[in-house]
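Novice: The structure is given below, and queries will be raised subsequently.
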Amino acid sequence: MANNKFRFAGFIRHEYLRFIAIACIILFAIMPLIYLVFNTSGNDLSYVFSDDNFKLSLGNSALYSLASSIVTTILAITAAYFLNTSSIKHKNVFVTVLTLGMLVPTLSIGLGIRTLFGRNGFIDSLFGVEIEGIGFLGLIFGSVISAFPMTFLIIYDALKYENKGPYDTAEIMGISRASTFIKLTLPYLKVAIISAFFASFTWIFSDYGIPMELAGKVQTLPMYLYNQVLSSYQYGRGAIAGLFLLIPAVVSFLFDLFFHDTSSTEKQKKLLSVSKLFNIITIFIVVLVSLFLFIPQFSFISLTFIKSYPNDMSFSFDNITNMFSNTYGLGIGQYVVNSLVIALLTGLLGTVFAYFLGYMSVRKTGKLGKFINLMSISTIAIPGLVLGIGYMLLFKNTTGFFYGTVIILVFVNMFHFLGSPYIMAKNCLTKINKDYEIIGETLGISKFKVLLNVLIPNSVTTLIEMFSYFFLNSMITISAVAFLCTYSNQPLAILINSYEKTSNYEMQGAISVLILLINVIARVILNVTSNAVKKKQKKEADSIMELSLYQFELLTFLEKNGKNRYSQRHLSDTLTLSLGTVNKLLNQVFDLGYAELDDNNNLSLTDKGLKALEQYRVRKAIILAAGFGQRLAPVSLNTPKPLVIVNGVRIIETLIKALLAKGIESIYIVRGYKKEQFDELLEKYPTIKFIDNDEFNVTNNISSLVKCVDLIDRCYICEADLVIKNPDIIRKYEYKTNYLGARVNETDDWCFKRVGGYLSNYERGGEDCYQAYGISYWDQEDSEKLKADLIKVYNSRAGKENLWEFVPLKICRKNYHVEVRTIHKSDIAEIDTFEELISVDPSYESYPGHEEFETKFSKN
Amino acid sequence: MDNPILKIENLSKRYGKNLVLEDISFEVEKGEFLSLLGPSGCGKTTILRLIIGIEKASSGRIYKFGEDISDLSPMKRNIGIVFQNYSLFPNMNVYQNIAYALKSRKLPNEEIDEKVREIIDIVELNEHVNKKPVNLSGGQQQRVAIARTLVLNPDIILFDEPMSALDADIKVVLRNQLKEIQKKLNMTMIYVTHDQEEAFALSDRVMVLNDCRIMQLDTPYNLYHKPANEFVKKFIVNHLDMKVKSIEDCINGQ
């Protein structure tokens, strides 16, 4: 038993599984193409090249594909750009609506448009207006709608990963949205746009669903191929046409290969500020595009409930009932079963195989992996029609056990749609810690077991996504299977094609609706499953919840004072809470597992409690130290005020030490005036980081904060000229946004009132108020708001002349609830003038140039 | 001392033209704690990877108890390793992570349970047995990683900068625990770090590496008092002196 297992483990370690992977791709994806080439005779070649119909078809196809893909790409860029940039909610819903077209066969889209605009169509018969909907215009119309979802997703995905930093900077510099679109967005999107354009061109060029319904008299290449093979049985001629279909696909593939986007794979955060108008425009555009895309759906759904199109347009359920009683001799049930069997099998086998390929290409070293990767991705380039004929020619001798069975339909779908799920698997497996196999090896666990017990359980959502891709596409595809299915194993989508031949439009509509319905249900089920898995993972990850204020105070107290026998009375006194509240509070934190009592009644914080506190930990401090400090002249003529030594310690050091003592190690100092002198701080405090503000003398301190606006997040923002006497005013944890203030009777400094615990009436000079001290904390929510507001104000007229705190405390005060944190006047010494400096540190009496400066100063 | 537990002979490693290790030789005694210390890129991690067998040396041999293990697969060397990023299996809880290797060896359940409980006791994770890695702190995760290796009773455990992702205060605690475990089990450990303090606090001997070569292999005392060359002096002595100075500064400042 054990022996067998180990043999298998050894098997997977060796290279032959990789060779099997390569052999599979060659046999089922490459060989059919090669066979196609070998199957063309010289006769066929000369026939096709001299055939005027062929030239005409090729020209027409190129023409409408080009026109449609240009329109599609522009439309997709517009929708994607607006949706991505805007700050509207539920973007996912809009994305779902915009990509709904992916759930129906292209035949259905064509059908919808034709029954609306064609001769005797809805518009014709209702309004008597005949629009020439068939022909070039119809082809373009249908192609745009069918290619839009895919094109949109390519561009939208690319935008999601764009670094938004430059946009915020541009906003600070006052550059308009339109200009950033041209100067930043378009250059960034260049590769994605070209790639999307190629993808959409390839898709339109090789699709035969739209031409079959909408081409009218216009001859197209896919239809030429289709007719050569299925009507004239001229496989060789079809093959040559097929090779032409391959050209744009190969170009598109090579482009993606060489210009593959290697930029960030992390989703970027949102823009700081987006105007309401922009959001309204976005909704307008998205709704408009959605309505446009929905035209065919609307049309074929209506068609389903019409008695007999176009003769009797009255409402009826006849088509639905007919569908169940007798459809092409088999009854609709059989076709539904066919479709579901094919789609489910493709989903299962395809997912397993694509995941296997992903594993073989990224979880092992060596060149073979790269080769597998290249081959797997290259399958994207093969158009379904071409693959279908290739299979027909290559496998026709396998009748009975492969050709003519459901299995060949499953295989052709599997390899037709392999590329995208393979990339999903590859990305997922790349992200999983690459040391697991090594760890496994040192622990004596085989790679196969690591795959089974670690990698697969951590890929569940990706596996569902991959299955979903295979399933939905197998439900709607008509291209490859059209050549391979038999009378009895036809899937639903092909049935539309069959009804096309008998001009039974209502039935085509009804089947389209049925496919749409099945796909919507499948999509919903898969999404719900996937979300449930994600939710479960998330739940496991954050079983720690927000703390109430009292819980927070108790836990910080325990964190600070350590394990001890605290009486409830003692806690009640220190936390200034009633005894009853303390009692309730203790029961709460015991229940939640945040604190515990040992046998000796020692109260202490648990690991879970520590983790719960972690979310309130102050992440960093930004110290604004760029200014000149005029009133401290003459000392400040030589030294920036924060670096002035008071009683042997530099002013700013009192703050730095207090921060470090509380474990706040990310300290950013914005410097300007005599900035090079700050370097000496690095000797003692090597972790400090500097940000330079060279505009310190032409703007107010808002410019210093805007220089590091991205850093604002759960941080202290401090002035640099405060002498901290009581280091405990800096705390390791902070619950909410707050600003330091000391109660005074009268002051001519900046001060504020306290209303309901919150700061208000920030102004210069006042009575019976709180004097403001330039140290404040900004929690996560307020940090985000502050970033956006700072930029807005900074860009406004004369915005640069503000003190930064005007933004949250005066100009945009409605956006914030800033708590007042009271301190004693003695906790911080403010040294504003040279006289005050002397009174604190008498050694400055003999400061050189003091007297000279005095006289100069008084003269002025 | 007839057979050292580990003997490295003239080990070299190059990637193409790039030399990453040049002619390294040293021995490790049973129960010894050896640190490999040096700036990044000096080759210390490469030595670990060669000892464990994830990579093959360009030349030189590795002996364990006198037996040449240079060509054995990692699975057959009975050497454990603990990485900086913990690499715990995220879908398994603490118990399952530790038991996984034993389970895959088809040991009887009672035996597995006994061994796992014993190790969980040693690394003091009793309260966290059923937790998934996401719900553990960095220090706890690292202890699980150590336990996962210990449970197989390896001859040597290698550590690849296991504490560089941890907070300073937790580091000290975990460091002490590790030292305790090592003494209790008389385990041989080889520890890669770029932190001088950490190496000095833990090790019986420290190997200072620079530019793919051994600069000095000695006891912490000798490294500090008798640095063999300018590099060791700069990297060890000056650094530690500076630390002491800044501590003194702090005290004086207050």
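Residue numbers start at 1 in each chain; chains themselves are named A, B, ... in the order of the structure tokens; ligands are numbered from 1 in the order shown.
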Need to verify the contact set: stretch 420-434 of chain A, 6 Å, only C-alpha atoms, exclusion of same-chain residues closer than 6 positions in sequence. Can you return it as JSON, numbers by chain?
Specialist: {"A": [354, 355, 358, 466]}
Novice: Write down, as a PDB file with N, CA and C atoms, in the first residue's frame, each residue of chain B that has any atom within 6 Å of an atom of chain A, counting only C-alpha atoms.
Specialist:
ATOM      1  N   PRO B  74      16.540  16.044   0.000  1.00  0.00           N
ATOM      2  CA  PRO B  74      16.247  16.670   1.290  1.00  0.00           C
ATOM      3  C   PRO B  74      15.479  15.735   2.216  1.00  0.00           C
ATOM      4  N   MET B  75      14.589  14.934   1.627  1.00  0.00           N
ATOM      5  CA  MET B  75      13.738  14.055   2.414  1.00  0.00           C
ATOM      6  C   MET B  75      14.550  13.046   3.217  1.00  0.00           C
ATOM      7  N   GLY B  80      15.937  19.571   9.525  1.00  0.00           N
ATOM      8  CA  GLY B  80      14.747  20.425   9.448  1.00  0.00           C
ATOM      9  C   GLY B  80      15.119  21.855   9.109  1.00  0.00           C
ATOM     10  N   ALA B 101       3.186  15.931   8.840  1.00  0.00           N
ATOM     11  CA  ALA B 101       4.308  15.115   8.365  1.00  0.00           C
ATOM     12  C   ALA B 101       4.230  13.696   8.934  1.00  0.00           C
ATOM     13  N   VAL B 134      -3.809  32.246  10.322  1.00  0.00           N
ATOM     14  CA  VAL B 134      -4.187  33.668  10.235  1.00  0.00           C
ATOM     15  C   VAL B 134      -4.535  34.260  11.584  1.00  0.00           C
TER      16      VAL B 134
END
Novice: So which residues touch B:Asn18 within 12 Å, counting only C-alpha atoms, skipping near sequence neighbours fewer than 6 positions away, as a VMD selection string?
Specialist: chain B and resid 12 41 43 58 211 to 212
Novice: Would you export the selected residues with N, CA and C atoms as a short mmCIF file (atom, residue, chain, number, x, y, z; two decimals), in the first residue's frame, please?
Specialist:
data_model
loop_
_atom_site.label_atom_id
_atom_site.label_comp_id
_atom_site.auth_asym_id
_atom_site.auth_seq_id
_atom_site.Cartn_x
_atom_site.Cartn_y
_atom_site.Cartn_z
N SER B 12 31.70 25.07 -2.59
CA SER B 12 31.60 26.26 -3.45
C SER B 12 30.30 26.19 -4.21
N GLY B 41 23.61 39.04 0.93
CA GLY B 41 24.38 38.70 -0.27
C GLY B 41 25.73 38.08 0.04
N GLY B 43 26.17 35.10 1.21
CA GLY B 43 26.16 33.67 0.94
C GLY B 43 25.66 32.82 2.09
N SER B 58 28.35 23.36 -6.26
CA SER B 58 29.14 23.23 -7.49
C SER B 58 30.34 22.33 -7.23
N ASP B 211 31.40 38.52 1.31
CA ASP B 211 31.89 38.25 -0.04
C ASP B 211 32.12 36.77 -0.30
N CYS B 212 31.16 35.95 0.03
CA CYS B 212 31.19 34.51 -0.27
C CYS B 212 32.23 33.73 0.54
#
Novice: Could you pull out all residues of stretch 165-224 of chain B with a DSSP call of strand (DSSP E or B) and give them as a tab-separated table (two decimals) with C-alpha atoms, in the first residue's frame?
Specialist:
chain	number	residue	atom	x	y	z
B	188	THR	CA	22.01	21.08	17.01
B	189	MET	CA	20.98	24.35	15.40
B	190	ILE	CA	22.39	26.47	12.61
B	191	TYR	CA	20.98	29.95	12.49
B	192	VAL	CA	21.26	32.51	9.69
B	193	THR	CA	20.88	36.15	10.64
B	205	ARG	CA	29.95	30.03	17.96
B	206	VAL	CA	29.37	32.60	15.24
B	207	MET	CA	30.58	32.42	11.64
B	208	VAL	CA	31.07	35.86	10.13
B	209	LEU	CA	30.74	35.83	6.35
B	210	ASN	CA	31.47	38.42	3.72
B	213	ARG	CA	33.93	33.64	2.24
B	214	ILE	CA	34.33	32.94	5.95
B	215	MET	CA	35.86	35.95	7.69
B	216	GLN	CA	36.07	34.36	11.12
B	217	LEU	CA	34.48	31.43	12.94
B	218	ASP	CA	34.75	31.77	16.68
Novice: Write out as a PDB file with N, CA and C atoms, in the first residue's frame the residues lying within 9 Å of A:Phe294, counting only C-alpha atoms and excluding same-chain residues fewer than 5 positions away.
Specialist:
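And here is the file that came out, around_5.pdb:
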ATOM      1  N   VAL A  97     -23.762  43.873 -15.494  1.00  0.00           N
ATOM      2  CA  VAL A  97     -24.732  44.258 -16.521  1.00  0.00           C
ATOM      3  C   VAL A  97     -24.025  44.468 -17.860  1.00  0.00           C
ATOM      4  N   LEU A  98     -22.866  45.140 -17.817  1.00  0.00           N
ATOM      5  CA  LEU A  98     -22.150  45.435 -19.059  1.00  0.00           C
ATOM      6  C   LEU A  98     -21.630  44.166 -19.738  1.00  0.00           C
ATOM      7  N   LEU A 100     -23.183  41.147 -19.561  1.00  0.00           N
ATOM      8  CA  LEU A 100     -24.265  40.159 -19.645  1.00  0.00           C
ATOM      9  C   LEU A 100     -24.276  39.459 -20.999  1.00  0.00           C
ATOM     10  N   GLY A 101     -23.824  40.159 -22.026  1.00  0.00           N
ATOM     11  CA  GLY A 101     -23.808  39.604 -23.378  1.00  0.00           C
ATOM     12  C   GLY A 101     -22.976  38.349 -23.490  1.00  0.00           C
ATOM     13  N   ILE A 145     -21.800  44.801 -30.265  1.00  0.00           N
ATOM     14  CA  ILE A 145     -22.475  44.306 -29.057  1.00  0.00           C
ATOM     15  C   ILE A 145     -21.871  42.994 -28.580  1.00  0.00           C
ATOM     16  N   VAL A 289     -24.867  52.773 -22.258  1.00  0.00           N
ATOM     17  CA  VAL A 289     -24.177  51.653 -22.910  1.00  0.00           C
ATOM     18  C   VAL A 289     -24.912  50.352 -22.611  1.00  0.00           C
ATOM     19  N   SER A 299     -35.009  42.146 -27.557  1.00  0.00           N
ATOM     20  CA  SER A 299     -35.688  41.745 -28.772  1.00  0.00           C
ATOM     21  C   SER A 299     -35.978  40.246 -28.793  1.00  0.00           C
TER      22      SER A 299
END
Novice: Have a look at A:Thr304, A:Tyr359, A:Glu171, A:Ala621 and name the one nearest to A:Phe317; count only C-alpha atoms.
Specialist: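 The closest residue to A:Phe317 is A:Thr304.
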Novice: Counting only C-alpha atoms, which residue out of B:Tyr86, B:Phe65, B:Phe235, B:Tyr15 sits closest to B:Arg143?
Specialist: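 So, comparing all the options, the nearest one is B:Tyr86.
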